[in-house]
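Quick notes on the structure that follows.
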Amino acid sequence: MSQFFRLHPDNPQLRLVKQAVQIINDGGVVALPTDSSYALACRLDDKDAVERIRRIRGLDEKQLLSLLVRDLSELANFAMVDNRQYRLIRSVTPGPYVFVLQATKEVPRRLSHPSRKTIGLRVPDHAITLAILEELGQPLLGSTLIMPGETEPLNDPEEIRARLEKQIELVIDGGACACEPSTVIDLTGAEPVLVRPGRGSLQPFGLEQPA
C-alpha cells in the first residue's frame, strides 16, 4: 500500500520532502509532479526500483529513462556536451525538456542506451521535484507516467494512487500538472532532432511543431 503526501506546489513542506527522500533512499518508487506531467522516479543506482518502473511503464531496456537533475552543475558527470549544446540546454532549463546526450564512461551501462551509449537528461521546473532533488543530493531516474497501451500521462494523484498503490511506495499530490509529456530532443548529432513532441516549444531548436 503506497503512502500519499500532499505537498504545496510552490512551497513544499520540508518535513514531507525529507520523508519522501527517506522512502526513495529505502528503495521506493515515487510518483511525483513535474512541469509537464506526473512521473515515476527512483534512485538512479537502485537496480530493483529501476526495473519496477520499467515493468509499470511496459518499457524494455532500449527505451531510455531520464536523469532528473536539479541544475546543470551535474551535467558533466553524466553527459559529454560541447559549448553549443551547453548554451542551448542552459537557455531552456529548467523546463519541460528531455535531452538525449552522449553518455560519459562513468554512467552505468544499464542507465544508458545499450547500443548508442546515450542518456536522457532533464532539469524539471517544479518546486516539489527540485526540493526532493536538493534534499536527496543526487539525480533521480524517472519516466513520464504513461501506462502501457495509453497515450496520455496520468495527471490525477488520486487516480495514480488507485491504480498503482500496490506497485509503488509513494504518491506525491502536488496538484494537477499540465498533463502533457515532456518534449524529447536528441542533441547527439550536428543538428537537434525531435524525438517526441510535448509541452516545450521547439522554437529554440529551430524545429517546427508537427502538424
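Chain labels A, B, ... are given in the sequence in which chains occur in the C-alpha cells; within each chain residues are numbered consecutively from 1, and ligands are likewise numbered from 1 in the order shown.
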(message) What's around A:Val184 at 12 Å? Count only C-alpha atoms, leave out sequence neighbours fewer than 4 positions away in its own chain, and write the answer as a PyMOL selection string.
(response) chain A and resi 36+64-66+95-101+119-122+143-144+192-202+205
Enumerate, in order of chain and increasing residue number, the residues of stretch 71-174 of chain A with an atom no farther than 9 Å from stretch 21-34 of chain A, each with its shortest atom pair and distance in Å to one decimal, counting only C-alpha atoms, as a Markdown table.
| residue | atom | partner | partner_atom | distance |
| --- | --- | --- | --- | --- |
| A:Pro96 | CA | A:Thr34 | CA | 8.1 |
| A:Pro124 | CA | A:Thr34 | CA | 6.1 |
| A:Asp125 | CA | A:Thr34 | CA | 6.8 |
| A:His126 | CA | A:Thr34 | CA | 5.3 |
| A:Ala127 | CA | A:Thr34 | CA | 8.4 |
| A:Ile128 | CA | A:Pro33 | CA | 7.2 |
| A:Thr129 | CA | A:Thr34 | CA | 6.5 |
| A:Ile132 | CA | A:Val21 | CA | 6.4 |
| A:Leu133 | CA | A:Val21 | CA | 8.5 |
| A:Glu135 | CA | A:Val21 | CA | 7.0 |
| A:Leu136 | CA | A:Val21 | CA | 5.9 |
| A:Leu145 | CA | A:Ala31 | CA | 7.9 |
| A:Asn155 | CA | A:Pro33 | CA | 8.4 |
| A:Pro157 | CA | A:Ala31 | CA | 8.4 |
| A:Ile160 | CA | A:Ala31 | CA | 7.8 |
| A:Arg161 | CA | A:Ala31 | CA | 8.9 |
| A:Gln167 | CA | A:Val29 | CA | 8.3 |
| A:Ile168 | CA | A:Val29 | CA | 5.1 |
| A:Glu169 | CA | A:Gly28 | CA | 5.3 |
| A:Leu170 | CA | A:Val30 | CA | 4.7 |
| A:Val171 | CA | A:Ala31 | CA | 4.8 |
| A:Ile172 | CA | A:Leu32 | CA | 5.1 |
| A:Asp173 | CA | A:Leu32 | CA | 7.2 |
| A:Gly174 | CA | A:Pro33 | CA | 6.1 |
Could those selected residues go to a file with N, CA and C atoms, as an mmCIF file, in the first residue's frame?
data_model
loop_
_atom_site.group_PDB
_atom_site.id
_atom_site.type_symbol
_atom_site.label_atom_id
_atom_site.label_comp_id
_atom_site.auth_asym_id
_atom_site.auth_seq_id
_atom_site.Cartn_x
_atom_site.Cartn_y
_atom_site.Cartn_z
ATOM 1 N N PRO A 96 10.392 21.859 -19.567
ATOM 2 C CA PRO A 96 9.781 20.560 -19.873
ATOM 3 C C PRO A 96 10.465 19.820 -21.021
ATOM 4 N N PRO A 124 13.788 19.566 -14.400
ATOM 5 C CA PRO A 124 12.369 19.949 -14.302
ATOM 6 C C PRO A 124 12.181 21.283 -13.587
ATOM 7 N N ASP A 125 11.181 22.022 -14.020
ATOM 8 C CA ASP A 125 10.865 23.310 -13.410
ATOM 9 C C ASP A 125 9.650 23.137 -12.504
ATOM 10 N N HIS A 126 9.846 22.429 -11.391
ATOM 11 C CA HIS A 126 8.757 22.218 -10.431
ATOM 12 C C HIS A 126 9.340 22.212 -9.037
ATOM 13 N N ALA A 127 8.779 23.030 -8.155
ATOM 14 C CA ALA A 127 9.354 23.230 -6.823
ATOM 15 C C ALA A 127 9.447 21.933 -6.023
ATOM 16 N N ILE A 128 8.452 21.067 -6.136
ATOM 17 C CA ILE A 128 8.461 19.824 -5.352
ATOM 18 C C ILE A 128 9.600 18.919 -5.799
ATOM 19 N N THR A 129 9.699 18.695 -7.096
ATOM 20 C CA THR A 129 10.752 17.816 -7.611
ATOM 21 C C THR A 129 12.130 18.390 -7.327
ATOM 22 N N ILE A 132 13.028 17.838 -3.675
ATOM 23 C CA ILE A 132 13.418 16.447 -3.426
ATOM 24 C C ILE A 132 14.835 16.199 -3.937
ATOM 25 N N LEU A 133 15.150 16.700 -5.123
ATOM 26 C CA LEU A 133 16.500 16.534 -5.669
ATOM 27 C C LEU A 133 17.538 17.209 -4.781
ATOM 28 N N GLU A 135 17.319 17.812 -1.508
ATOM 29 C CA GLU A 135 17.445 17.061 -0.261
ATOM 30 C C GLU A 135 18.149 15.723 -0.497
ATOM 31 N N LEU A 136 17.884 15.097 -1.623
ATOM 32 C CA LEU A 136 18.489 13.802 -1.939
ATOM 33 C C LEU A 136 19.983 13.941 -2.215
ATOM 34 N N LEU A 145 4.687 9.313 -16.557
ATOM 35 C CA LEU A 145 3.755 8.296 -16.083
ATOM 36 C C LEU A 145 2.647 8.065 -17.113
ATOM 37 N N ASN A 155 -2.598 12.268 -14.559
ATOM 38 C CA ASN A 155 -2.453 13.622 -14.029
ATOM 39 C C ASN A 155 -3.177 13.825 -12.705
ATOM 40 N N PRO A 157 -3.593 12.725 -8.919
ATOM 41 C CA PRO A 157 -2.916 11.941 -7.886
ATOM 42 C C PRO A 157 -3.798 10.857 -7.271
ATOM 43 N N ILE A 160 -3.794 8.018 -9.674
ATOM 44 C CA ILE A 160 -2.492 7.350 -9.624
ATOM 45 C C ILE A 160 -2.436 6.409 -8.424
ATOM 46 N N ARG A 161 -2.910 6.905 -7.277
ATOM 47 C CA ARG A 161 -2.914 6.064 -6.075
ATOM 48 C C ARG A 161 -3.810 4.839 -6.276
ATOM 49 N N GLN A 167 1.929 -1.057 -6.306
ATOM 50 C CA GLN A 167 3.138 -1.211 -7.106
ATOM 51 C C GLN A 167 4.225 -0.188 -6.773
ATOM 52 N N ILE A 168 3.846 0.922 -6.127
ATOM 53 C CA ILE A 168 4.831 1.940 -5.773
ATOM 54 C C ILE A 168 4.676 2.297 -4.292
ATOM 55 N N GLU A 169 5.687 2.963 -3.750
ATOM 56 C CA GLU A 169 5.703 3.242 -2.314
ATOM 57 C C GLU A 169 5.120 4.599 -1.942
ATOM 58 N N LEU A 170 5.078 5.552 -2.891
ATOM 59 C CA LEU A 170 4.644 6.901 -2.530
ATOM 60 C C LEU A 170 4.033 7.606 -3.724
ATOM 61 N N VAL A 171 2.905 8.272 -3.473
ATOM 62 C CA VAL A 171 2.312 9.207 -4.434
ATOM 63 C C VAL A 171 2.363 10.590 -3.800
ATOM 64 N N ILE A 172 2.965 11.541 -4.518
ATOM 65 C CA ILE A 172 3.027 12.919 -4.034
ATOM 66 C C ILE A 172 1.981 13.742 -4.772
ATOM 67 N N ASP A 173 1.037 14.269 -4.024
ATOM 68 C CA ASP A 173 -0.015 15.122 -4.583
ATOM 69 C C ASP A 173 0.472 16.558 -4.539
ATOM 70 N N GLY A 174 0.815 17.077 -5.725
ATOM 71 C CA GLY A 174 1.219 18.472 -5.844
ATOM 72 C C GLY A 174 0.243 19.257 -6.692
#
(request) Please give the complete set of residues from stretch 10-120 of chain A that DSSP, run on the backbone, assigns to helix (DSSP H, G or I), formatted as a VMD selection string. (result) chain A and resid 14 to 25 47 to 57 72 to 78 83 to 92 109 to 111
Those same residues - N, CA and C atoms - I'd like them written as a CSV table (one decimal), in the first residue's frame.
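Written out: part_29.csv:
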chain,number,residue,atom,x,y,z
A,14,LEU,N,9.1,21.0,4.2
A,14,LEU,CA,10.4,20.3,4.3
A,14,LEU,C,10.3,19.0,5.0
A,15,ARG,N,9.4,18.9,6.0
A,15,ARG,CA,9.2,17.6,6.7
A,15,ARG,C,8.8,16.5,5.8
A,16,LEU,N,7.8,16.8,4.9
A,16,LEU,CA,7.4,15.8,3.9
A,16,LEU,C,8.4,15.5,2.9
A,17,VAL,N,9.1,16.5,2.5
A,17,VAL,CA,10.2,16.3,1.5
A,17,VAL,C,11.2,15.3,2.0
A,18,LYS,N,11.6,15.5,3.3
A,18,LYS,CA,12.6,14.6,4.0
A,18,LYS,C,12.0,13.2,4.1
A,19,GLN,N,10.7,13.1,4.3
A,19,GLN,CA,10.1,11.7,4.4
A,19,GLN,C,10.1,11.1,3.0
A,20,ALA,N,9.9,11.9,2.0
A,20,ALA,CA,9.9,11.4,0.6
A,20,ALA,C,11.3,10.9,0.2
A,21,VAL,N,12.3,11.6,0.6
A,21,VAL,CA,13.6,11.3,0.3
A,21,VAL,C,14.0,10.0,1.0
A,22,GLN,N,13.6,9.8,2.3
A,22,GLN,CA,13.8,8.6,3.0
A,22,GLN,C,13.2,7.4,2.3
A,23,ILE,N,12.0,7.5,1.8
A,23,ILE,CA,11.4,6.4,1.1
A,23,ILE,C,12.1,6.1,-0.2
A,24,ILE,N,12.6,7.1,-0.9
A,24,ILE,CA,13.4,6.9,-2.1
A,24,ILE,C,14.7,6.2,-1.7
A,25,ASN,N,15.4,6.6,-0.7
A,25,ASN,CA,16.6,6.0,-0.2
A,25,ASN,C,16.5,4.6,0.2
A,47,LYS,N,18.8,-0.7,-8.7
A,47,LYS,CA,18.5,-1.6,-9.9
A,47,LYS,C,17.1,-2.1,-9.8
A,48,ASP,N,16.7,-2.6,-8.6
A,48,ASP,CA,15.3,-3.2,-8.5
A,48,ASP,C,14.2,-2.2,-8.7
A,49,ALA,N,14.4,-0.9,-8.2
A,49,ALA,CA,13.4,0.1,-8.4
A,49,ALA,C,13.3,0.5,-9.8
A,50,VAL,N,14.5,0.6,-10.5
A,50,VAL,CA,14.5,0.9,-11.9
A,50,VAL,C,13.7,-0.1,-12.7
A,51,GLU,N,14.0,-1.4,-12.4
A,51,GLU,CA,13.3,-2.5,-13.1
A,51,GLU,C,11.8,-2.4,-12.9
A,52,ARG,N,11.4,-2.0,-11.7
A,52,ARG,CA,9.9,-1.9,-11.4
A,52,ARG,C,9.3,-0.8,-12.2
A,53,ILE,N,10.0,0.3,-12.4
A,53,ILE,CA,9.5,1.4,-13.2
A,53,ILE,C,9.3,0.9,-14.6
A,54,ARG,N,10.3,0.2,-15.1
A,54,ARG,CA,10.2,-0.3,-16.5
A,54,ARG,C,9.0,-1.3,-16.6
A,55,ARG,N,8.7,-2.1,-15.6
A,55,ARG,CA,7.6,-3.0,-15.7
A,55,ARG,C,6.3,-2.3,-15.7
A,56,ILE,N,6.2,-1.3,-14.8
A,56,ILE,CA,4.9,-0.5,-14.7
A,56,ILE,C,4.7,0.2,-16.0
A,57,ARG,N,5.7,0.8,-16.6
A,57,ARG,CA,5.5,1.5,-17.9
A,57,ARG,C,5.5,0.6,-19.1
A,72,LEU,N,22.4,22.3,-14.0
A,72,LEU,CA,23.4,21.8,-15.0
A,72,LEU,C,24.7,21.6,-14.4
A,73,SER,N,24.9,21.9,-13.1
A,73,SER,CA,26.2,21.6,-12.4
A,73,SER,C,26.6,20.1,-12.5
A,74,GLU,N,25.5,19.3,-12.6
A,74,GLU,CA,25.8,17.8,-12.6
A,74,GLU,C,25.9,17.3,-14.0
A,75,LEU,N,25.8,18.1,-15.0
A,75,LEU,CA,25.7,17.6,-16.4
A,75,LEU,C,27.0,16.9,-16.8
A,76,ALA,N,28.2,17.4,-16.4
A,76,ALA,CA,29.4,16.8,-16.9
A,76,ALA,C,29.7,15.4,-16.3
A,77,ASN,N,29.0,15.1,-15.2
A,77,ASN,CA,29.2,13.8,-14.6
A,77,ASN,C,28.5,12.7,-15.4
A,78,PHE,N,27.6,13.1,-16.3
A,78,PHE,CA,26.8,12.1,-17.0
A,78,PHE,C,26.8,12.2,-18.5
A,83,ASN,N,30.3,23.3,-26.2
A,83,ASN,CA,29.8,24.6,-25.8
A,83,ASN,C,28.4,25.0,-26.5
A,84,ARG,N,28.3,24.6,-27.7
A,84,ARG,CA,27.0,24.9,-28.4
A,84,ARG,C,25.8,24.1,-27.7
A,85,GLN,N,26.0,22.9,-27.4
A,85,GLN,CA,25.0,22.1,-26.8
A,85,GLN,C,24.7,22.7,-25.4
A,86,TYR,N,25.7,23.0,-24.7
A,86,TYR,CA,25.5,23.5,-23.3
A,86,TYR,C,24.7,24.8,-23.3
A,87,ARG,N,25.1,25.7,-24.2
A,87,ARG,CA,24.4,27.0,-24.3
A,87,ARG,C,22.9,26.8,-24.6
A,88,LEU,N,22.6,25.8,-25.5
A,88,LEU,CA,21.3,25.6,-25.9
A,88,LEU,C,20.5,25.0,-24.8
A,89,ILE,N,21.1,24.0,-24.0
A,89,ILE,CA,20.4,23.4,-22.9
A,89,ILE,C,20.2,24.5,-21.8
A,90,ARG,N,21.2,25.3,-21.5
A,90,ARG,CA,21.0,26.3,-20.5
A,90,ARG,C,20.0,27.3,-20.8
A,91,SER,N,19.7,27.6,-22.1
A,91,SER,CA,18.8,28.6,-22.5
A,91,SER,C,17.3,28.2,-22.2
A,92,VAL,N,17.1,26.9,-22.0
A,92,VAL,CA,15.7,26.4,-21.9
A,92,VAL,C,15.5,25.6,-20.6
A,109,ARG,N,26.2,1.1,-17.3
A,109,ARG,CA,25.7,0.6,-18.6
A,109,ARG,C,24.2,0.5,-18.6
A,110,ARG,N,23.6,0.1,-17.5
A,110,ARG,CA,22.1,-0.2,-17.5
A,110,ARG,C,21.3,1.1,-17.6
A,111,LEU,N,22.0,2.3,-17.4
A,111,LEU,CA,21.3,3.6,-17.4
A,111,LEU,C,21.4,4.2,-18.8
(message) When you count only C-alpha atoms, which of these residues is closest to A:Gln203: A:Val69, A:Leu40, A:Gly142, A:Thr183?
(response)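 Distance minimum relative to A:Gln203 lands on A:Thr183.
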(request) Give the strand (DSSP E) residues of stretch 6-190 of chain A, as assigned by DSSP on the backbone, as a PyMOL selection string. (result) chain A and resi 6+30-33+38-43+66-68+79-80+97-103+118-122+140-144+170-173+183-186
Interface rows for stretch 30-108 of chain A against stretch 146-154 of chain A: nearest pair, Å to one decimal, 7 Å, only C-alpha atoms, as a Markdown table:
| residue | atom | partner | partner_atom | distance |
| --- | --- | --- | --- | --- |
| A:Ser37 | CA | A:Pro153 | CA | 6.5 |
| A:Tyr38 | CA | A:Leu154 | CA | 6.5 |
| A:Arg57 | CA | A:Met147 | CA | 5.4 |
| A:Gly58 | CA | A:Pro148 | CA | 5.5 |
(message) I need the residue nearest A:Glu134 from this list: A:Ala41, A:Leu68, A:Met1, A:Leu59. Use only C-alpha atoms for the distance.
(response)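 Answer, going by the shortest atom-to-atom distance: A:Leu68.
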